[in-house]
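**Q** Take this structure first; my questions come after.
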Amino acid sequence: MDADEFEAGQRAREHYHGLTVLPGAWTVLRLDGRGFSRFTEQHFEKPFDERFGGHMVATATALLTELGGRYAYTESDEISVLLPPGFDLFGRSVEKLVSISAGIASATFTHDAGVPAHFDSRIWLGVSVADVADYFSWRQSDATRCALNGWCYWTLREAGYSRAQATRALDGATTAGKNELLFQHGINFNELPAWQRRGVGLWWETYERPGHDPVRGVDVIATRRRIRVDRELPMKDAYRALVERLAVGSVPDHDA
């Protein structure tokens with residue numbers, strides 16, 4: 001068989017190789033830690049560990065940088081990275097986007113934490129800025145729900161409940177009931193750190209840096225870019241407004 005013909009035949013078996021993200025779509029890559037429930041219980045404190053949160057921020061920073069994203073959001077063991085409609089990374093190949101982003105996340109977290117960790121990746125598509133705001137509002141709502149459940153579960157475990165007993169105690173419990181449970185153990189959920197309840201946002205910002213031009217012998221002000229990490233994100237309509245501004249490339253003021 002001709003070598004070129006043989007290679008073409010093998011390439012034809014790569015069934016998903018040609019799948020690409022729709023032109024003009026708003027794209028979010030969402031990455032989740034694989035088996036992180038057991039993994040975090042083995043290596044980190046519960047329900048929240050600042051070290052783990054720091055590793056997730058480091059991983060989100062690497063993804064935002066490597067993928068050229070416009071906004072990244074992390075909560076629990078997941079990270080979402082927003083790519084603008086005009087991006088052309090890897091030719092918009094779905095296979096490349098999910099595999100390389102998962103590789104970046106796995107490598108970064110493992111390096112930062114010093115223990116092996118794995119992430120998977122999937123793609124979300126939207127057609128408007130409003131869709132993008134819906135998506136990130138949804139993920140922030142999930143952050144609040146997971147934080148409340150996690151605090152309740154691990155509070156009961158600390159009180160001596162077994163896994164099964166803690167799970168049964170929370171089965172069917174309302175949000176008000178969970179808040180009351182925490183209150184009875186001296187915990188006010190609304191006073192817990194915002195990053196635990198709302199997640200962490202990351203985006204690019206510009207800043208001015210004093211410098212010196214040795215050629216002209218004068219002091220100058222240089223404009224640079226850096227990633228801003230916000231652990232005090234707003235909620236609801238204020239959060240939607242923030243996401244919409246970031247999506248269209250309008251960087252908010254520091255006090256926004």
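For the structure tokens, the naming scheme is as follows: chains receive sequential letters (A, B, ...) according to their order of presentation, residues are indexed from 1 within each chain, and ligands are indexed from 1 in presentation order.
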Which residues of segment 63-121 of chain A come within 10 Å of segment 31-51 of chain A, and for each one, what is the closest pair of atoms and their distance in Å to one decimal, counting only C-alpha atoms, sorted by chain and residue number, as JSON lines?
**A**
```
{"residue": "A:Leu63", "atom": "CA", "partner": "A:Leu31", "partner_atom": "CA", "distance": 10.0}
{"residue": "A:Thr74", "atom": "CA", "partner": "A:Leu31", "partner_atom": "CA", "distance": 9.3}
{"residue": "A:Glu75", "atom": "CA", "partner": "A:Asp32", "partner_atom": "CA", "distance": 9.9}
{"residue": "A:Ser76", "atom": "CA", "partner": "A:Phe48", "partner_atom": "CA", "distance": 8.6}
{"residue": "A:Asp77", "atom": "CA", "partner": "A:Gly33", "partner_atom": "CA", "distance": 5.4}
{"residue": "A:Glu78", "atom": "CA", "partner": "A:Asp32", "partner_atom": "CA", "distance": 4.4}
{"residue": "A:Ile79", "atom": "CA", "partner": "A:Leu31", "partner_atom": "CA", "distance": 5.1}
{"residue": "A:Ser80", "atom": "CA", "partner": "A:Leu31", "partner_atom": "CA", "distance": 6.4}
{"residue": "A:Val81", "atom": "CA", "partner": "A:Leu31", "partner_atom": "CA", "distance": 8.5}
{"residue": "A:Val98", "atom": "CA", "partner": "A:Leu31", "partner_atom": "CA", "distance": 8.6}
{"residue": "A:Ser101", "atom": "CA", "partner": "A:Leu31", "partner_atom": "CA", "distance": 7.8}
{"residue": "A:Ala102", "atom": "CA", "partner": "A:Leu31", "partner_atom": "CA", "distance": 6.8}
{"residue": "A:Ala105", "atom": "CA", "partner": "A:Leu31", "partner_atom": "CA", "distance": 7.8}
{"residue": "A:Ser106", "atom": "CA", "partner": "A:Gly33", "partner_atom": "CA", "distance": 8.4}
{"residue": "A:Phe109", "atom": "CA", "partner": "A:Gly33", "partner_atom": "CA", "distance": 9.8}
{"residue": "A:Asp112", "atom": "CA", "partner": "A:Arg51", "partner_atom": "CA", "distance": 9.9}
{"residue": "A:Ala113", "atom": "CA", "partner": "A:Arg51", "partner_atom": "CA", "distance": 8.3}
{"residue": "A:Val115", "atom": "CA", "partner": "A:His43", "partner_atom": "CA", "distance": 8.6}
{"residue": "A:Pro116", "atom": "CA", "partner": "A:Phe39", "partner_atom": "CA", "distance": 9.6}
{"residue": "A:Ala117", "atom": "CA", "partner": "A:Gly33", "partner_atom": "CA", "distance": 7.4}
{"residue": "A:His118", "atom": "CA", "partner": "A:Arg34", "partner_atom": "CA", "distance": 5.5}
{"residue": "A:Phe119", "atom": "CA", "partner": "A:Gly33", "partner_atom": "CA", "distance": 4.4}
{"residue": "A:Asp120", "atom": "CA", "partner": "A:Leu31", "partner_atom": "CA", "distance": 5.5}
{"residue": "A:Ser121", "atom": "CA", "partner": "A:Leu31", "partner_atom": "CA", "distance": 4.4}
```
**Q** Deliver the residues from the most recent selection as a file, using N, CA, C and O atoms, as an mmCIF file, in the first residue's frame.
**A**
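Result saved to part29.cif:
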```cif
data_model
loop_
_atom_site.group_PDB
_atom_site.id
_atom_site.type_symbol
_atom_site.label_atom_id
_atom_site.label_comp_id
_atom_site.auth_asym_id
_atom_site.auth_seq_id
_atom_site.Cartn_x
_atom_site.Cartn_y
_atom_site.Cartn_z
ATOM 1 N N LEU A 63 -4.228 28.741 33.439
ATOM 2 C CA LEU A 63 -5.187 28.553 32.343
ATOM 3 C C LEU A 63 -5.516 29.878 31.666
ATOM 4 O O LEU A 63 -5.567 29.965 30.429
ATOM 5 N N THR A 74 -13.125 30.297 39.737
ATOM 6 C CA THR A 74 -12.929 29.004 40.383
ATOM 7 C C THR A 74 -13.730 28.910 41.672
ATOM 8 O O THR A 74 -13.810 29.876 42.447
ATOM 9 N N GLU A 75 -14.334 27.774 41.856
ATOM 10 C CA GLU A 75 -15.054 27.452 43.090
ATOM 11 C C GLU A 75 -14.951 25.956 43.299
ATOM 12 O O GLU A 75 -14.934 25.188 42.347
ATOM 13 N N SER A 76 -14.833 25.563 44.557
ATOM 14 C CA SER A 76 -14.687 24.161 44.906
ATOM 15 C C SER A 76 -13.523 23.572 44.101
ATOM 16 O O SER A 76 -12.424 24.099 44.116
ATOM 17 N N ASP A 77 -13.778 22.501 43.336
ATOM 18 C CA ASP A 77 -12.700 21.861 42.571
ATOM 19 C C ASP A 77 -12.849 22.111 41.071
ATOM 20 O O ASP A 77 -12.395 21.318 40.250
ATOM 21 N N GLU A 78 -13.493 23.221 40.703
ATOM 22 C CA GLU A 78 -13.692 23.508 39.289
ATOM 23 C C GLU A 78 -13.187 24.895 38.911
ATOM 24 O O GLU A 78 -13.093 25.795 39.745
ATOM 25 N N ILE A 79 -12.867 25.037 37.626
ATOM 26 C CA ILE A 79 -12.406 26.302 37.065
ATOM 27 C C ILE A 79 -13.106 26.516 35.731
ATOM 28 O O ILE A 79 -13.175 25.594 34.906
ATOM 29 N N SER A 80 -13.618 27.723 35.511
ATOM 30 C CA SER A 80 -14.224 28.084 34.234
ATOM 31 C C SER A 80 -13.420 29.217 33.609
ATOM 32 O O SER A 80 -13.105 30.203 34.287
ATOM 33 N N VAL A 81 -13.089 29.077 32.333
ATOM 34 C CA VAL A 81 -12.304 30.086 31.614
ATOM 35 C C VAL A 81 -13.091 30.556 30.400
ATOM 36 O O VAL A 81 -13.489 29.743 29.550
ATOM 37 N N VAL A 98 -10.021 20.850 24.887
ATOM 38 C CA VAL A 98 -10.308 20.103 26.107
ATOM 39 C C VAL A 98 -9.086 19.326 26.594
ATOM 40 O O VAL A 98 -8.833 19.242 27.805
ATOM 41 N N SER A 101 -6.233 22.000 27.788
ATOM 42 C CA SER A 101 -6.628 22.696 29.019
ATOM 43 C C SER A 101 -6.588 21.747 30.216
ATOM 44 O O SER A 101 -6.135 22.120 31.303
ATOM 45 N N ALA A 102 -7.024 20.508 30.035
ATOM 46 C CA ALA A 102 -6.948 19.525 31.119
ATOM 47 C C ALA A 102 -5.494 19.237 31.474
ATOM 48 O O ALA A 102 -5.151 19.066 32.655
ATOM 49 N N ALA A 105 -4.098 22.242 33.495
ATOM 50 C CA ALA A 105 -4.620 22.237 34.863
ATOM 51 C C ALA A 105 -3.976 21.134 35.699
ATOM 52 O O ALA A 105 -3.565 21.357 36.846
ATOM 53 N N SER A 106 -3.878 19.937 35.149
ATOM 54 C CA SER A 106 -3.311 18.810 35.885
ATOM 55 C C SER A 106 -1.847 19.072 36.239
ATOM 56 O O SER A 106 -1.413 18.835 37.376
ATOM 57 N N PHE A 109 -1.564 22.199 38.889
ATOM 58 C CA PHE A 109 -1.982 21.856 40.248
ATOM 59 C C PHE A 109 -0.982 20.888 40.880
ATOM 60 O O PHE A 109 -0.597 21.048 42.044
ATOM 61 N N ASP A 112 2.135 22.767 41.832
ATOM 62 C CA ASP A 112 1.915 23.718 42.916
ATOM 63 C C ASP A 112 1.672 23.014 44.248
ATOM 64 O O ASP A 112 2.144 23.463 45.295
ATOM 65 N N ALA A 113 0.927 21.901 44.210
ATOM 66 C CA ALA A 113 0.550 21.205 45.440
ATOM 67 C C ALA A 113 1.570 20.145 45.859
ATOM 68 O O ALA A 113 1.633 19.767 47.032
ATOM 69 N N VAL A 115 1.469 17.068 44.887
ATOM 70 C CA VAL A 115 0.831 15.748 44.846
ATOM 71 C C VAL A 115 0.119 15.617 43.499
ATOM 72 O O VAL A 115 -0.411 16.596 42.977
ATOM 73 N N PRO A 116 0.126 14.404 42.895
ATOM 74 C CA PRO A 116 -0.481 14.248 41.582
ATOM 75 C C PRO A 116 -1.988 14.477 41.610
ATOM 76 O O PRO A 116 -2.687 13.995 42.501
ATOM 77 N N ALA A 117 -2.476 15.226 40.628
ATOM 78 C CA ALA A 117 -3.910 15.506 40.510
ATOM 79 C C ALA A 117 -4.280 15.534 39.030
ATOM 80 O O ALA A 117 -3.458 15.878 38.180
ATOM 81 N N HIS A 118 -5.527 15.185 38.742
ATOM 82 C CA HIS A 118 -5.976 15.130 37.350
ATOM 83 C C HIS A 118 -7.267 15.926 37.178
ATOM 84 O O HIS A 118 -8.127 15.921 38.067
ATOM 85 N N PHE A 119 -7.382 16.582 36.035
ATOM 86 C CA PHE A 119 -8.581 17.339 35.705
ATOM 87 C C PHE A 119 -9.153 16.849 34.382
ATOM 88 O O PHE A 119 -8.412 16.410 33.496
ATOM 89 N N ASP A 120 -10.481 16.945 34.262
ATOM 90 C CA ASP A 120 -11.099 16.775 32.946
ATOM 91 C C ASP A 120 -11.625 18.125 32.485
ATOM 92 O O ASP A 120 -11.631 19.093 33.254
ATOM 93 N N SER A 121 -12.048 18.202 31.235
ATOM 94 C CA SER A 121 -12.460 19.483 30.671
ATOM 95 C C SER A 121 -13.637 19.288 29.728
ATOM 96 O O SER A 121 -13.742 18.250 29.063
#
```
**Q** Pick out the residues sitting within 8 Å of Gly201 of chain A, and hand them over as a PDB file with N, CA and C atoms, in the first residue's frame; count only C-alpha atoms, and ignore anything fewer than 2 positions along from it in its own chain.
**A**
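Saved the output as out16.pdb:
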```
ATOM      1  N   TYR A  71     -11.711  35.940  31.253  1.00  0.00           N
ATOM      2  CA  TYR A  71     -12.123  35.849  32.661  1.00  0.00           C
ATOM      3  C   TYR A  71     -12.014  34.403  33.096  1.00  0.00           C
ATOM      4  N   ALA A  72     -11.613  34.181  34.338  1.00  0.00           N
ATOM      5  CA  ALA A  72     -11.595  32.840  34.920  1.00  0.00           C
ATOM      6  C   ALA A  72     -12.278  32.895  36.270  1.00  0.00           C
ATOM      7  N   TYR A  73     -12.959  31.815  36.607  1.00  0.00           N
ATOM      8  CA  TYR A  73     -13.687  31.734  37.867  1.00  0.00           C
ATOM      9  C   TYR A  73     -13.453  30.348  38.453  1.00  0.00           C
ATOM     10  N   THR A  74     -13.125  30.297  39.737  1.00  0.00           N
ATOM     11  CA  THR A  74     -12.929  29.004  40.383  1.00  0.00           C
ATOM     12  C   THR A  74     -13.730  28.910  41.672  1.00  0.00           C
ATOM     13  N   GLY A 199     -16.864  31.990  45.466  1.00  0.00           N
ATOM     14  CA  GLY A 199     -15.825  31.664  44.507  1.00  0.00           C
ATOM     15  C   GLY A 199     -14.847  32.810  44.322  1.00  0.00           C
ATOM     16  N   TRP A 203      -9.040  38.157  36.338  1.00  0.00           N
ATOM     17  CA  TRP A 203      -9.062  38.809  35.024  1.00  0.00           C
ATOM     18  C   TRP A 203      -7.835  39.687  34.855  1.00  0.00           C
ATOM     19  N   VAL A 229      -6.740  39.011  41.084  1.00  0.00           N
ATOM     20  CA  VAL A 229      -7.465  37.937  41.761  1.00  0.00           C
ATOM     21  C   VAL A 229      -8.422  38.572  42.761  1.00  0.00           C
ATOM     22  N   ASP A 230      -9.709  38.327  42.577  1.00  0.00           N
ATOM     23  CA  ASP A 230     -10.730  38.923  43.446  1.00  0.00           C
ATOM     24  C   ASP A 230     -11.382  37.838  44.289  1.00  0.00           C
ATOM     25  N   ARG A 231     -11.135  37.886  45.595  1.00  0.00           N
ATOM     26  CA  ARG A 231     -11.728  36.922  46.532  1.00  0.00           C
ATOM     27  C   ARG A 231     -12.952  37.496  47.244  1.00  0.00           C
ATOM     28  N   LEU A 233     -15.913  38.709  45.510  1.00  0.00           N
ATOM     29  CA  LEU A 233     -16.812  38.949  44.383  1.00  0.00           C
ATOM     30  C   LEU A 233     -18.200  39.385  44.859  1.00  0.00           C
TER      31      LEU A 233
END
```
**Q** List the neighbours of Asp88 of chain A out to 12 Å using only C-alpha atoms; skip same-chain residues closer than 3 positions along the sequence, and give me the result as a ChimeraX atom specification.
**A** /A:20-27,67-69,83-85,91-94,96-97
**Q** Name the residues in contact with Ala222 of chain A at a cut-off of 8 Å, using only C-alpha atoms, excluding same-chain residues fewer than 3 positions from it; report them as a list in words.
**A** Glu208, Arg209, Pro210 and Gly211 of chain A
**Q** Residues at most 10 Å from segment 173-185 of chain A, counting only C-alpha atoms, excluding those fewer than 6 positions away in the same chain, as an MDAnalysis selection string?
**A** chainID A and resid 145 148:149 151:153 155:156 159
**Q** Since we have the selection now, will you write its residues out, keeping C-alpha atoms, as a compact mmCIF listing (two decimals), in the first residue's frame?
**A**
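Contents of the output file out_23.txt:
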```txt
# COMPACT_ATOMS: atom_id res chain seq x y z
CA ARG A 145 -24.95 25.68 47.50
CA LEU A 148 -23.42 25.46 52.60
CA ASN A 149 -23.69 21.70 52.11
CA TRP A 151 -20.00 23.24 55.98
CA CYS A 152 -23.07 21.38 57.24
CA TYR A 153 -21.71 17.94 56.40
CA THR A 155 -19.75 20.22 60.98
CA LEU A 156 -21.82 17.12 61.65
CA ALA A 159 -19.73 16.46 66.01
```
**Q** Could you state the separation of atom CA of Arg198 of chain A and atom CA of Leu82 of chain A in Å, given to one decimal place?
**A** 17.6 Å
**Q** Rank A:Asp219, A:Glu14, A:Glu7, A:Glu244 by their smallest atom-to-atom distance to Ser137 of chain A, using only C-alpha atoms, and report the top residue only.
**A** A:Glu244
